[in-house]
Structure formats: C-alpha cells, structure tokens
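Asker: Enclosed is the structure file final37.cif (mmCIF, C-alpha atoms and all ligand atoms).
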data_final
loop_
_atom_site.label_atom_id
_atom_site.label_comp_id
_atom_site.auth_asym_id
_atom_site.auth_seq_id
_atom_site.Cartn_x
_atom_site.Cartn_y
_atom_site.Cartn_z
CA MET S 4 58.94 116.63 136.97
CA ALA S 5 61.48 116.53 139.77
CA ALA S 6 59.81 119.47 141.48
CA GLU S 7 56.51 117.64 141.44
CA GLU S 8 58.01 114.60 143.06
CA ASN S 9 59.54 116.78 145.78
CA ARG S 10 56.22 118.34 146.49
CA ASN S 11 54.55 115.00 146.84
CA ALA S 12 57.23 113.91 149.27
CA ALA S 13 56.61 117.01 151.36
CA VAL S 14 52.93 116.14 151.63
CA ARG S 15 53.80 112.79 153.23
CA PRO S 16 56.02 113.68 156.18
CA THR S 17 56.64 110.06 157.19
CA SER S 18 57.69 109.08 153.69
CA GLY S 19 61.09 107.59 154.53
CA VAL S 20 60.04 105.65 157.64
CA ASP S 21 57.87 102.58 158.07
CA ASP S 22 56.27 104.03 161.19
CA LYS S 23 54.53 100.82 162.33
CA PRO S 24 57.27 98.19 162.21
CA LEU S 25 55.73 95.77 164.71
CA TRP S 26 53.06 94.73 162.22
CA SER S 27 55.75 92.39 160.90
CA HIS S 28 55.51 90.34 164.14
CA VAL S 29 51.86 89.51 163.63
CA THR S 30 49.80 88.05 160.79
CA VAL S 31 46.92 90.17 159.56
CA LEU S 32 43.87 88.07 158.77
CA SER S 33 41.48 90.80 157.71
CA VAL S 34 41.13 94.57 157.62
CA ALA S 35 38.09 96.05 159.34
CA ALA S 36 35.48 97.52 157.01
CA GLY S 37 35.25 101.30 157.13
CA GLY S 38 38.96 101.85 157.79
CA GLY S 39 40.18 103.26 161.10
CA GLY S 40 43.26 101.03 161.25
CA ASN S 41 41.48 98.13 162.96
CA ARG S 42 42.53 94.69 161.84
CA THR S 43 42.02 91.11 162.89
CA TRP S 44 45.44 89.60 163.48
CA THR S 45 47.20 86.71 165.21
CA CYS S 46 50.49 86.92 167.08
CA ASN S 47 53.33 85.13 165.28
CA TYR S 48 54.65 83.79 168.64
CA CYS S 49 51.66 82.81 170.78
CA SER S 50 49.02 82.61 167.98
CA LYS S 51 46.64 84.79 170.01
CA LYS S 52 43.86 86.24 167.85
CA VAL S 53 43.13 89.95 168.41
CA VAL S 54 40.95 92.63 166.80
CA GLY S 55 42.52 96.05 167.10
CA SER S 56 44.81 98.75 165.75
CA TYR S 57 48.58 99.13 165.95
CA SER S 58 48.46 100.25 169.57
CA LYS S 59 47.25 96.76 170.54
CA VAL S 60 50.01 95.11 168.48
CA LYS S 61 52.50 97.26 170.39
CA ALA S 62 50.90 96.59 173.78
CA HIS S 63 50.77 92.84 173.20
CA LEU S 64 54.36 92.43 172.04
CA LEU S 65 55.93 94.98 174.41
CA LYS S 66 53.77 93.68 177.27
CA LEU S 67 52.28 97.08 178.08
CA PRO S 68 49.44 97.07 180.64
CA ASN S 69 46.08 98.85 180.32
CA HIS S 70 45.71 98.61 176.56
CA GLY S 71 42.81 96.16 176.50
CA VAL S 72 45.00 93.31 175.32
CA ALA S 73 46.87 90.59 177.21
CA PRO S 74 50.69 90.67 177.06
CA CYS S 75 52.37 88.02 174.92
CA LYS S 76 53.37 84.93 176.86
CA SER S 77 55.70 83.60 174.17
CA VAL S 78 57.98 86.64 173.84
CA SER S 79 61.08 85.98 175.91
CA ARG S 80 63.09 88.64 177.67
CA ASP S 81 65.71 88.75 174.88
CA MET S 82 63.05 88.93 172.19
CA LEU S 83 61.28 91.71 174.09
CA GLN S 84 64.54 93.68 174.13
CA GLN S 85 64.92 93.22 170.37
CA ILE S 86 61.33 94.21 169.56
CA LYS S 87 61.64 97.21 171.87
CA GLU S 88 64.76 98.39 170.03
CA GLU S 89 63.00 98.03 166.72
CA HIS S 90 60.13 100.14 168.05
CA ASP S 91 62.34 102.79 169.68
CA GLU S 92 64.46 103.21 166.59
CA VAL S 93 61.39 104.12 164.52
CA GLU S 94 60.13 106.48 167.24
CA ARG S 95 63.52 108.22 167.21
CA LYS S 96 63.37 108.62 163.44
CA LYS S 97 59.80 109.87 163.63
CA SER S 98 60.55 112.55 166.21
CA GLN S 99 63.64 113.53 164.23
CA GLU S 100 61.51 113.99 161.11
CA ALA S 101 58.90 115.91 163.07
CA TYR S 102 61.67 118.17 164.39
CA GLN S 103 63.03 118.73 160.89
CA ASP S 104 59.55 119.45 159.57
CA LYS S 105 59.04 121.99 162.34
CA GLN S 106 62.38 123.63 161.55
CA LYS S 107 61.42 123.78 157.90
CA ALA S 108 58.05 125.30 158.79
CA ASP S 109 59.74 127.89 161.03
CA TYR S 110 62.17 128.77 158.26
CA LEU S 111 59.34 129.33 155.80
CA SER S 112 57.09 131.10 158.30
CA LEU S 113 55.61 134.45 157.40
CA PRO S 114 57.00 137.72 158.75
CA ASP S 115 55.56 139.23 161.95
CA GLY S 116 53.97 142.62 162.11
CA SER S 117 50.68 144.14 161.15
CA ASP S 118 49.72 147.01 158.93
CA LEU S 119 45.98 146.53 158.77
CA GLN S 120 44.21 149.65 160.04
CA GLN S 121 41.54 147.96 162.13
CA HIS S 122 44.16 145.90 163.88
CA LYS S 123 46.36 148.88 164.75
CA LYS S 124 43.50 150.78 166.34
CA ARG S 125 42.61 147.91 168.60
CA LYS S 126 46.10 146.65 169.31
CA GLY S 127 46.52 145.65 172.93
CA LYS S 128 42.80 145.49 173.51
CA GLU S 129 40.66 142.46 173.65
CA VAL S 130 39.57 141.10 170.29
CA GLY S 131 36.07 142.36 169.67
CA PRO S 132 33.32 140.54 167.80
CA LEU S 133 33.71 142.85 164.79
CA GLU S 134 37.40 142.02 164.51
CA LYS S 135 36.64 138.36 164.91
CA SER S 136 34.11 138.46 162.13
CA PHE S 137 36.58 140.13 159.77
CA ASN S 138 39.18 137.54 160.69
CA ILE S 139 42.05 140.02 160.75
CA SER S 140 44.84 137.59 161.45
CA GLN S 141 43.77 135.29 158.64
CA ARG S 142 43.66 138.29 156.31
CA GLU S 143 47.15 139.34 157.29
CA LYS S 144 48.47 135.84 156.75
CA THR S 145 46.86 135.71 153.34
CA ASP S 146 48.26 139.13 152.40
CA LYS S 147 51.75 138.00 153.34
CA GLN S 148 51.42 134.80 151.36
CA CYS S 149 50.28 136.84 148.38
CA ALA S 150 53.23 139.24 148.71
CA ARG S 151 55.67 136.36 148.99
CA MET S 152 54.27 134.93 145.76
CA PHE S 153 55.23 138.20 144.03
CA PHE S 154 58.73 138.31 145.51
CA ALA S 155 59.59 134.68 145.03
CA SER S 156 58.29 134.45 141.47
CA GLY S 157 59.59 137.80 140.25
CA LEU S 158 56.07 138.96 139.42
CA PRO S 159 55.98 142.64 138.46
CA PHE S 160 54.30 144.73 141.19
CA ASN S 161 51.98 145.96 138.46
CA PHE S 162 50.46 142.50 138.39
CA ALA S 163 48.69 143.44 141.64
CA LYS S 164 46.63 145.85 139.50
CA SER S 165 45.68 143.18 136.99
CA PRO S 166 41.90 142.92 136.84
CA PHE S 167 42.33 139.21 136.09
CA PHE S 168 44.38 138.64 139.23
CA ILE S 169 41.84 140.58 141.28
CA ASP S 170 38.99 138.64 139.68
CA TYR S 171 40.62 135.32 140.42
CA SER S 172 41.36 136.27 144.04
CA ARG S 173 37.78 137.42 144.58
CA THR S 174 36.47 134.18 143.14
CA LEU S 175 38.66 132.23 145.55
CA ALA S 176 37.55 134.29 148.52
CA ASN S 177 33.86 134.23 147.77
CA SER S 178 33.37 130.73 146.48
CA SER S 179 32.73 127.68 148.58
CA LEU S 180 35.11 125.47 146.60
CA SER S 181 36.61 123.81 149.63
CA GLY S 182 39.76 121.90 148.78
CA TYR S 183 40.23 123.81 145.52
CA THR S 184 43.76 123.80 144.13
CA PRO S 185 44.92 126.06 141.28
CA PRO S 186 45.28 124.49 137.84
CA THR S 187 48.56 122.70 137.23
CA TYR S 188 51.43 123.91 135.05
CA ASN S 189 50.48 121.48 132.33
CA ARG S 190 46.77 122.23 132.34
CA ILE S 191 47.41 125.96 131.99
CA ARG S 192 49.76 125.56 129.05
CA THR S 193 47.61 123.03 127.17
CA THR S 194 43.88 122.63 127.79
CA LEU S 195 43.17 126.01 129.36
CA LEU S 196 45.30 127.91 126.83
CA GLY S 197 43.49 126.14 123.99
CA GLN S 198 40.09 126.98 125.46
CA GLU S 199 41.00 130.65 125.88
CA LYS S 200 42.34 130.86 122.32
CA GLU S 201 39.17 129.30 120.95
CA HIS S 202 37.12 131.74 123.03
CA VAL S 203 38.99 134.80 121.72
CA TYR S 204 38.73 133.48 118.17
CA ARG S 205 34.95 133.20 118.52
CA LYS S 206 34.69 136.69 120.01
CA LEU S 207 36.47 138.13 116.99
CA HIS S 208 34.08 136.49 114.58
CA PRO S 209 31.96 139.62 113.97
CA ILE S 210 35.08 141.55 112.97
CA ARG S 211 36.17 138.88 110.52
CA ASP S 212 32.62 138.83 109.18
CA SER S 213 32.74 142.52 108.36
CA TRP S 214 35.82 142.12 106.13
CA MET S 215 33.99 140.64 103.16
CA LYS S 216 31.23 143.23 103.27
CA LYS S 217 33.16 146.39 104.05
CA GLY S 218 36.74 145.60 103.10
CA VAL S 219 39.89 145.30 105.17
CA SER S 220 43.40 146.74 105.18
CA ILE S 221 46.46 144.86 106.31
CA VAL S 222 48.71 147.21 108.26
CA SER S 223 51.94 146.64 110.08
CA ASP S 224 54.30 148.31 112.49
CA GLY S 225 57.74 147.40 113.68
CA TRP S 226 59.00 147.51 117.24
CA SER S 227 61.58 145.93 119.52
CA ASP S 228 60.60 143.73 122.45
CA ARG S 229 62.41 143.65 125.80
CA GLN S 230 65.07 141.35 124.40
CA ARG S 231 65.57 143.89 121.58
CA ARG S 232 64.26 141.53 118.95
CA PRO S 233 62.93 143.38 115.92
CA LEU S 234 59.30 142.35 115.65
CA ILE S 235 56.86 143.13 112.88
CA ASN S 236 53.20 143.22 113.88
CA LEU S 237 50.54 142.55 111.31
CA MET S 238 47.01 143.75 111.92
CA ALA S 239 43.76 143.83 110.03
CA ALA S 240 42.04 147.21 110.13
CA SER S 241 38.41 147.35 109.10
CA ALA S 242 35.16 149.14 109.86
CA GLY S 243 34.42 146.41 112.41
CA GLY S 244 37.60 147.22 114.36
CA ALA S 245 41.32 146.42 114.40
CA MET S 246 42.48 142.87 114.93
CA PHE S 247 45.94 141.49 115.57
CA LEU S 248 46.91 138.84 113.02
CA LYS S 249 50.44 137.80 113.81
CA SER S 250 53.92 139.03 114.61
CA VAL S 251 57.09 138.07 112.83
CA ASP S 252 60.52 137.94 114.45
CA ALA S 253 62.82 139.61 111.91
CA SER S 254 66.09 139.04 113.78
CA GLY S 255 69.07 138.90 111.44
CA ILE S 256 67.01 139.84 108.40
CA ILE S 257 67.39 142.93 106.26
CA LYS S 258 63.97 144.56 106.29
CA ASP S 259 63.90 145.82 102.73
CA GLY S 260 60.86 146.27 100.53
CA GLU S 261 61.02 142.76 99.18
CA TYR S 262 61.08 141.16 102.64
CA VAL S 263 58.22 143.27 103.95
CA SER S 264 56.09 142.63 100.88
CA ASN S 265 56.65 138.91 101.40
CA VAL S 266 55.48 139.19 104.99
CA PHE S 267 52.32 140.93 103.81
CA GLU S 268 51.75 138.36 101.11
CA GLU S 269 52.00 135.52 103.63
CA ALA S 270 49.53 137.25 105.89
CA LEU S 271 47.14 137.59 102.93
CA HIS S 272 47.39 133.87 102.22
CA GLY S 273 46.09 133.28 105.72
CA PHE S 274 42.89 135.06 104.66
CA PHE S 275 41.88 133.25 101.52
ZN ZN S 301 51.83 86.81 171.36
#
Just dump the structure as structure tokens.
Answerer:
Amino acid sequence: MAAEENRNAAVRPTSGVDDKPLWSHVTVLSVAAGGGGNRTWTCNYCSKKVVGSYSKVKAHLLKLPNHGVAPCKSVSRDMLQQIKEEHDEVERKKSQEAYQDKQKADYLSLPDGSDLQQHKKRKGKEVGPLEKSFNISQREKTDKQCARMFFASGLPFNFAKSPFFIDYSRTLANSSLSGYTPPTYNRIRTTLLGQEKEHVYRKLHPIRDSWMKKGVSIVSDGWSDRQRRPLINLMAASAGGAMFLKSVDASGIIKDGEYVSNVFEEALHGFF
C-alpha cells in the first residue's frame, strides 16, 4: 500500500507545493469551458475583472508589463514586496524540486554503452535511414530496462527463455495499445489467477472425462522443494493422459503406510 502511495507521489512532481499561490489574491468567478487554465476573476484589491490564466494574475499583481493586462493600481509598494516574496518563495521551491527530480533521474539513468551489432558497425558515421527505421537507441534503452528488471527483482536469467515472457514482450512491441500499463499486483493475484485456473480446468476436461470410461490410477511421488520441504505429489494417470491433482506438505510427519494411505483416500474423496 505504502509503495503505491509513493509511486503516485512520484507521478506528481509538484505534489508538496502550491505552485500558483497568487490565486489567493483574486476571486475566481468562473472557469473557462474546455480547460486551459483560463478563468474569469476579479482582483481582491482594485476589483478589476479579467479573463485569463495564472500568468495574468501574476502580471497584474506584480505589475509586470507586456502581459496583456493592466498593473494593479491598489497594490501599494509594501504589498507588492509581500506578494513578490510569496511568489519567489514558491519559485525557489519549484526549482529545488525540479533539481531534485533531475538528480533522481540521473541516479536511475541507464548505463551507457552499446552492444547492438548494427550500431557498432556504423559507430561514428552518420545515422542512416535504415538505422533510423530500426530505432537502435530506443531498442538499446528498452534492452537495458529489461535487464534491470531482472537484476532488481532477482528474476532467474532463465526467465529470459520463458516462452510466456517472450510472448508478452512481443505483444507489447507489436500492439498499438498506447498508454497500456501492466496489470497490477492485486489483479494478477486475484482476477487473472482465477481466470487462468478456470481455463486450465476446462482444458483438462477431456482427461477427466476419460476416467469413467477407461479407468484411472492415482499415483504419487515424493520430493523435496528448494526449502527442503518433503512434498507428496498426487497425480491421476489414465489413458487420456496424466494430470496433477494436488501436493501435500508432509513436514514433521512420519510418512508411514497409514499416513500415505490416508493421503490417497483423501484424494479419492475429491473424485466422487
Ligand atoms: Zn488589482
């Protein structure tokens, strides 16, 4: 949850700062249709009515020339100083944030260097139309982002060979889903997992169908997973093919005949 909030904050770089503080010195009467920041407002000091965006608010109150709005006649020299400070303070904060964002971006930037064959051959030469069309630099950037995903998430290098990963990447590259974002953590572990399970279940239907006609044997084997837990796999072997039924974690249990027969019996109950 906290991570999600952080990400949202990163999307809005000006989150902590009200970056248009001088709006508080005018009264907004209406917002222009169609957006664009234009508003109809009156000055709180001279009651002048203006249609325009924040730059006109600024120009009016700070008495800036050449902004298509007359300077305020009711803002005294002292008031001008105060409003100016208010404005400058926000500008300082904004440039500070922009600087920090840039530093952050530099820190997270991708490594230099190229290993793509086409690029090496042509290095130092002008970028030809072929190279442009293959978009070499964008490819390199994407490769590096992909590699970083492996390193930062502890993905096994073997995952690069996963046909599902390759499928997904190809879909991304070849589709025109502009603005697509990957499914969220929660959607993967709930809705999408449920759909996939249902799909597999349906695919196995012909095998289950064959059991009644041709018979089925429940078989099992024992093995240890990476955490050295003793697991017992139960499978249904039939003429239609083998099918995984379930696995039982037998940690701390003596696997004698009685226990194993119980495991089989339970599996059988799942059938009938
Ligand atoms: Zn005014």
Asker: Hey, which residues come within 8 Å of ligand ZN 301 (chain S) if we count all atoms listed in the file? Could you give them as a PDB file with C-alpha atoms, in the coordinates of the input?
Answerer:
ATOM      1  CA  THR S  45      47.200  86.710 165.210  1.00  0.00           C
ATOM      2  CA  CYS S  46      50.490  86.920 167.080  1.00  0.00           C
ATOM      3  CA  ASN S  47      53.330  85.130 165.280  1.00  0.00           C
ATOM      4  CA  TYR S  48      54.650  83.790 168.640  1.00  0.00           C
ATOM      5  CA  CYS S  49      51.660  82.810 170.780  1.00  0.00           C
ATOM      6  CA  SER S  50      49.020  82.610 167.980  1.00  0.00           C
ATOM      7  CA  LYS S  51      46.640  84.790 170.010  1.00  0.00           C
ATOM      8  CA  HIS S  63      50.770  92.840 173.200  1.00  0.00           C
ATOM      9  CA  LEU S  64      54.360  92.430 172.040  1.00  0.00           C
ATOM     10  CA  PRO S  74      50.690  90.670 177.060  1.00  0.00           C
ATOM     11  CA  CYS S  75      52.370  88.020 174.920  1.00  0.00           C
ATOM     12  CA  LYS S  76      53.370  84.930 176.860  1.00  0.00           C
ATOM     13  CA  SER S  77      55.700  83.600 174.170  1.00  0.00           C
ATOM     14  CA  VAL S  78      57.980  86.640 173.840  1.00  0.00           C
TER      15      VAL S  78
END
Asker: Report, in Å with one decimal, the straight-line distance from atom CA of Gly39 of chain S to atom CA of Glu92 of chain S.
Answerer: 24.9 Å
Asker: Which residue out of S:Thr43, S:Ser98, S:Thr174, S:Gln84 has the minimum interatomic distance to Asp22 of chain S when all atoms listed in the file are used?
Answerer: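 The closest residue to Asp22 of chain S is S:Ser98.
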Asker: Rounded to one decimal, what separation in Å do you get between atom CA of Arg142 of chain S and atom CA of Ile169 of chain S?
Answerer: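 Straight-line distance from atom CA of Arg142 of chain S to atom CA of Ile169 of chain S works out to 15.3 Å.
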Asker: Check the smallest atom-to-atom distance from each of S:Met215, S:Ile235, S:Val203, S:Leu65 to Asp91 of chain S using only C-alpha atoms, then report the winner.
Answerer: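 Checking each candidate against Asp91 of chain S, we get S:Leu65 as the closest.
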Asker: Could you pull the residues within 10 Å of Ala73 of chain S, counting all atoms listed in the file, minus those fewer than 4 positions along the same chain, as number ranges by chain?
Answerer: S: 51, 53, 59, 62-64, 66-69
Asker: So the first atom is atom CA of Pro186 of chain S and the second is atom CA of Asp109 of chain S; what is the distance between them in Å, to one decimal place?
Answerer: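 If I compute the distance from atom CA of Pro186 of chain S to atom CA of Asp109 of chain S, I get 27.5 Å.
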Asker: Might you pull out every residue within 12 Å of Asp146 of chain S, with only C-alpha atoms counted and same-chain residues fewer than 4 positions away left off, and present them as a PyMOL selection string?
Answerer: chain S and resi 113-114+116-119+139-142+150-153+163+172
Asker: Give me the residues near Ile86 of chain S as a list in words, where near means some atom within 8 Å (using all atoms listed in the file) and where sequence neighbours in that chain fewer than 3 positions away do not count.
Answerer: Leu25, Leu64, Leu65, Met82, Leu83, Glu89 and His90 of chain S
Asker: Between S:Glu199, S:Lys87, S:Lys52, S:Ile210, which has the minimum distance to Val72 of chain S (counting all atoms listed in the file)?
Answerer: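 Of S:Glu199, S:Lys87, S:Lys52, S:Ile210, the one nearest Val72 of chain S is S:Lys52, counting all atoms listed in the file.
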Asker: Which of these, S:Gln106, S:Gln99, S:Ser254, S:Thr30, has the shortest distance to Pro233 of chain S once you count all atoms listed in the file?
Answerer: S:Ser254
